[in-house]
Structures are given as structure tokens and as C-alpha cells.
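Below: one structure, written as C-alpha cells.
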Amino acid sequence: MKMHNFNSGPSILPAEVLEQSAAAIHNFNNLGLSILEIGHRTPWFEEVLHEAQNSVKELMGLSDDYEVLFLHGGATTQFMQVPMNLLDETKTAAYCDNGIWGNKAIKEAKLFGNVNIVSSSKDKNHSYINKNFPIPEDSAYLHYTTNNTVEGTQWHSIPHTDVPLVADMSSDIFCRPMEFNKFSLIYAGAQKNMGAAGVNLVVVKRDILGKINRPIPSIMDYRNHIEAGSLLNTPPVFAIYIAMLTLRWIKKEGGLSEMERRAHERADLFYKTLDNLSYIFTPIVAAEDRSLMNATFSIKNEELEKEFLGECKANGMVGVKGHRSVGGLRVSMYNALPLSSVKAMCELMENFAKKKA
Ligand SMILES: *Cc1c(COP(=O)(O)O)cnc(C)c1O
């Protein structure tokens, strides 16, 4: 039986991406070789890499000022690599503190320069996004997390500022059109909305680089990756291949506006159901900041939570338990999740509520 996959990451991928990548492990492009067996500097892989890079540029509508890189290390490495390249002791970077992942980014940035926390939602357990705050004009950049995967909040607009914008888009990349050209640097681990674990997408505007005075280890310096065409060392070949297929799927399905339409369809249904059942389930996040990707909620007591999770399991629904740091429940609804899975979840919640009312 195919599960209803509400995992927060790694998470659901389109069925055809899984089929194509499985086939490529056995025989890639009818070469009589596996995708795992070919060199990263062969024309075969270069074609994969270039298609992935071009799809990113096309989907985001990026101007020629940007470079698209596929790097190792997960989004967590970007928490360090961003300030290593953009911040030094003479500069101050502005950071938003809207959740666990943003906090980890703040911790790393402090190793490289001054950090000014310009916005925080800590006072209410990160259950909302503090969107109105001044940003000093001389900040090296403003860093924020577009979607707080653990807490279930999402920015539905881009902060207004002339300061260079840096965003961690790991859990909502490619879920909607955005003015991507407003950003100086965007990064995202692939394993939530654009592929498998093992690769990071980094989109960087060239003019933000080379402004600090610090020796940067070669492998950490974005400029070296740009110069090498994202082939500075052996890249995660298979993970990039899966990302390329996922991007191809997004384009074929209708691009980012179609992804956004589907995201709203799923999220509207889910939150409507949740609000209707508020006598047993409790939404956690302020309505205007609710995430299209990760819906967090809780249930009256621990006993009921256990029972509910048991019913989810019995009905083939996985990934519903909240992040270990915050508890509660979470339903993740990434691009590849069919509406039918959300419908099944809503039915289960309605039946559960009826039984327990
Ligand atoms: C999952 C996640 C990360 C961490 O990604 P890794 O690839 O595990 O390093 C960082 N930021 C956000 C917003 C995430 O959702």
C-alpha cells in the first residue's frame, strides 16, 4: 500500500521522479551505465547539471546577475558559509529570529561578525512572524527563513528593505512565484521540496561577493564554485539528478503558479477542517502567518494525541508527529503531495473528532 506521506523532510517526491531515478540507477540514458557510475565531468552529467541550473533560472525568472550552484553540506552548512562569505568583524548582519532554523543560522553568524537580531517572535513561542521592524541601513545583509518548518509559520511577503536580502528557503522553495530578483542570496536543502537529501541549492547574486576581508577556505568560497561552474569538486551527482527531474516535473505541471494553486488548495482545505474541529484540535499559528507547507496543531491531551497518531498509522499516514523540539502534531504538504492525501487526513480528523466529542 502506498502511504499518505506527510513527512517534513526528507519528504514526498513525485512518483515519476522516483521511477525515473530508479531506472537511471540501472541504466542511465541507455548508456549501459548507472548514473552512479559516470564521471561528474562527462558530457552526460554536465547535461544534467546544466538542465538543473537552467530550470532554476527559468522557474525563478533570474536575471543574468545570478549564479546557480549545487553544493554539499545541507542547509546547515549555509548557516556558516553565508556569513563566512558576506560578514566580517567590521560589519553587522541583521537576522530574524522566527524559529529553530533561523536561530541556528544566528548562532553560526556570530562566529564571523556582529549579529543584530532585528525581529523576534520568541515572546509567543514563534507562533507568528514579527513582520514590522526597522533594519539599519548599514547592515551587511538581512537573513530570514521564508518558511519555519518546525513551527509552521511562513512569510507571505518579502521584507521591505534596501539591505541585501539573504533567505533560507529550504522548506518552501518552488512552492510559489516570488520576486526572486529581490534577493542577493537564496539557499535551500533539496530534501523538502526539490529532491533528495545530499544537495543544497544556492542562488547568489555576483555583486554581493568579495566585499569582506578574510581568507576563505577554497571549498567554502562561493567565487570558486562559480568559477568552476559548480564543479569545484565531485558534486552529489545522484542528488542533483533527482533535483533536475523534480524541477522538470514542476515545469511540466505548470510551473510555480500551478504549485502555488495546489498549495493553496491543500492548505485551505486542511486549515478549514482544523478550524472547524477546534473543540478537539488546536491550531497553533496566527491565521495570517500559517504555512502552506507545514501545518502545526495540537490536540487536547496527551492520551488523545497518542490515540490520534495510532489512527494515522493504522490508515497509512506517516509523518504526523510534530518536531521533537516542540511536540504536538504537524502535517507537511509539499509540492508532490496529492490533494487526495489531505482529503484523507481531513476525513480521519473529522471522524476522530466525532468519536471523541
Ligand atoms: C530542514 C531545514 C534546514 C536544515 O537542513 P539540513 O539539510 O538538514 O542541513 C534548514 N533550514 C530549514 C528552513 C529547514 O527546513
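Going by the C-alpha cells order, chains are called A, B, ..., each with residues numbered from 1, while ligands are numbered from 1 in the order shown.
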Sorted by chain and rising residue number, list the residues of chain A at most 10 Å from ligand 1 (counting only C-alpha atoms and all ligand atoms), each with its closest atom pair and distance in Å to one decimal, as CSV.
residue,atom,partner,partner_atom_place_in_ligand_line,distance
A:Ser8,CA,ligand 1,15 (O),8.0
A:Gly9,CA,ligand 1,1 (C),6.5
A:Pro10,CA,ligand 1,1 (C),8.3
A:His72,CA,ligand 1,7 (O),9.2
A:Gly73,CA,ligand 1,9 (O),6.7
A:Gly74,CA,ligand 1,7 (O),3.4
A:Ala75,CA,ligand 1,9 (O),3.9
A:Thr76,CA,ligand 1,9 (O),3.6
A:Thr77,CA,ligand 1,9 (O),6.4
A:Gln78,CA,ligand 1,9 (O),8.0
A:Phe79,CA,ligand 1,10 (C),8.2
A:Gly99,CA,ligand 1,13 (C),8.9
A:Ile100,CA,ligand 1,11 (N),8.4
A:Trp101,CA,ligand 1,11 (N),5.0
A:Gly102,CA,ligand 1,11 (N),7.2
A:Asn103,CA,ligand 1,11 (N),9.8
A:Lys104,CA,ligand 1,10 (C),8.4
A:Ala105,CA,ligand 1,11 (N),8.5
A:Tyr144,CA,ligand 1,13 (C),9.4
A:Thr145,CA,ligand 1,13 (C),5.9
A:Thr146,CA,ligand 1,13 (C),7.4
A:Asn147,CA,ligand 1,13 (C),6.1
A:Asn148,CA,ligand 1,13 (C),5.6
A:Thr149,CA,ligand 1,15 (O),4.8
A:Val150,CA,ligand 1,15 (O),7.2
A:Ala167,CA,ligand 1,13 (C),9.3
A:Asp168,CA,ligand 1,13 (C),5.8
A:Met169,CA,ligand 1,13 (C),6.0
A:Ser170,CA,ligand 1,13 (C),4.7
A:Ser171,CA,ligand 1,15 (O),4.6
A:Asp172,CA,ligand 1,13 (C),8.1
A:Ile173,CA,ligand 1,13 (C),9.7
A:Tyr187,CA,ligand 1,11 (N),8.9
A:Ala188,CA,ligand 1,11 (N),7.2
A:Gly189,CA,ligand 1,7 (O),4.7
A:Ala190,CA,ligand 1,7 (O),7.3
A:Gln191,CA,ligand 1,7 (O),7.0
A:Lys192,CA,ligand 1,1 (C),7.2
A:Asn193,CA,ligand 1,15 (O),9.7
A:Ala196,CA,ligand 1,7 (O),9.9
A:Ala197,CA,ligand 1,7 (O),6.8
A:Gly198,CA,ligand 1,7 (O),7.4
A:Val199,CA,ligand 1,7 (O),7.8
A:Asn200,CA,ligand 1,7 (O),7.3
A:Asn294,CA,ligand 1,15 (O),9.8
Inset, instruction - Using DSSP on the backbone coordinates, identify the residues of stretch 49-269 of chain A assigned to strand (DSSP E); present them as JSON, numbers by chain. - result: {"A": [66, 67, 68, 69, 70, 71, 92, 93, 94, 95, 96, 97, 114, 115, 116, 117, 118, 119, 120, 142, 143, 144, 145, 147, 148, 153, 154, 165, 166, 167, 168, 183, 184, 185, 186, 187, 188, 189, 200, 201, 202, 203, 204, 205]}
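Residues lying within 12 Å of A:Lys252, counting only C-alpha atoms and ignoring same-chain neighbours fewer than 6 positions away, are Pro14, Glu16, Ser55, Leu59, Leu245, Thr246, Glu258 and Met259 of chain A.
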Inset, instruction - Considering only C-alpha atoms, state which residue in the set A:Cys175, A:Asn114, A:Ala52, A:Gly319 is at the smallest distance from A:Phe70. - result: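 Result for the nearest residue to A:Phe70: A:Ala52.
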Legend entry - Surrounding residues of A:Lys122 excluding itself and chain neighbours under 5 positions, 10 Å, only C-alpha atoms, as a ChimeraX atom specification: /A:97-99,127-130
What does the file look like for those residues with C-alpha atoms, as a PDB file, in the first residue's frame?
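Done, and the output landed in selection-v9.pdb:
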ATOM      1  CA  ASP A  97      14.627  35.102  14.887  1.00  0.00           C
ATOM      2  CA  ASN A  98      11.421  33.345  13.905  1.00  0.00           C
ATOM      3  CA  GLY A  99      12.194  29.761  14.762  1.00  0.00           C
ATOM      4  CA  SER A 127       3.751  31.033  16.692  1.00  0.00           C
ATOM      5  CA  TYR A 128       3.664  34.143  14.487  1.00  0.00           C
ATOM      6  CA  ILE A 129       6.013  36.224  12.382  1.00  0.00           C
ATOM      7  CA  ASN A 130       7.080  39.646  13.588  1.00  0.00           C
TER       8      ASN A 130
END
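With atom CA of A:Ser332 on one side and atom CA of A:Ala287 on the other, the separation reads 16.7 Å.
Separating atom CA of A:Thr92 from atom CA of A:Asn132 is a distance of 19.7 Å.
Residues lying within 10 Å of A:Val163, counting only C-alpha atoms and ignoring same-chain neighbours fewer than 4 positions away, are Ala93, Ala94, Ile135, Pro136, Glu137, Asp138, Ser139, Ala140, Tyr141, Leu142, His143, Pro159, Phe183 and Ser184 of chain A.
Every protein, DNA or RNA residue with an atom at most 10 Å from A:Ala286, where only C-alpha atoms count and chain neighbours fewer than 3 positions away do not, is listed here: His126, Ser127, Tyr128, Ile129, Gly152, Thr153, Pro283, Asp289, Arg290 and Ser291 of chain A.
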Inset, instruction - Step one, run DSSP on the backbone; step two, keep only residues of stretch 49-288 of chain A assigned to alpha helix (DSSP H); then write them as a PyMOL selection string. - result: chain A and resi 49-60+74-86+100-109+222-227+237-253+255-276
Inset, instruction - Tell me which protein, DNA and RNA residues are within 12 Å of A:Leu232, counting only C-alpha atoms, leaving out same-chain ones fewer than 4 positions away, and put them as an NGL selection string. - result: :A and (40-41 or 69-72 or 218-228 or 236)
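Coordinates place atom CA of A:Leu337 at a distance of 23.4 Å from atom CA of A:Ile299.
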Legend entry - Nearest candidate to A:Tyr66 (options A:Ala23, A:Val326, A:Leu256, A:Ile186; using only C-alpha atoms):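 The shortest atom-to-atom distance to A:Tyr66 comes from A:Ile186.
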Legend entry - Nearest candidate to A:Asp88 (options A:Lys300, A:Lys110, A:His4, A:Arg330; using only C-alpha atoms):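 Closest to A:Asp88, using only C-alpha atoms: A:Lys110.
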Inset, instruction - Go through A:Leu49, A:Leu111, A:Ala353, A:Met194 one by one, measure the shortest atom-to-atom distance of each to A:Tyr241 using only C-alpha atoms, and give the residue with the smallest value. - result: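 For A:Tyr241, the nearest of the candidates is A:Leu49.
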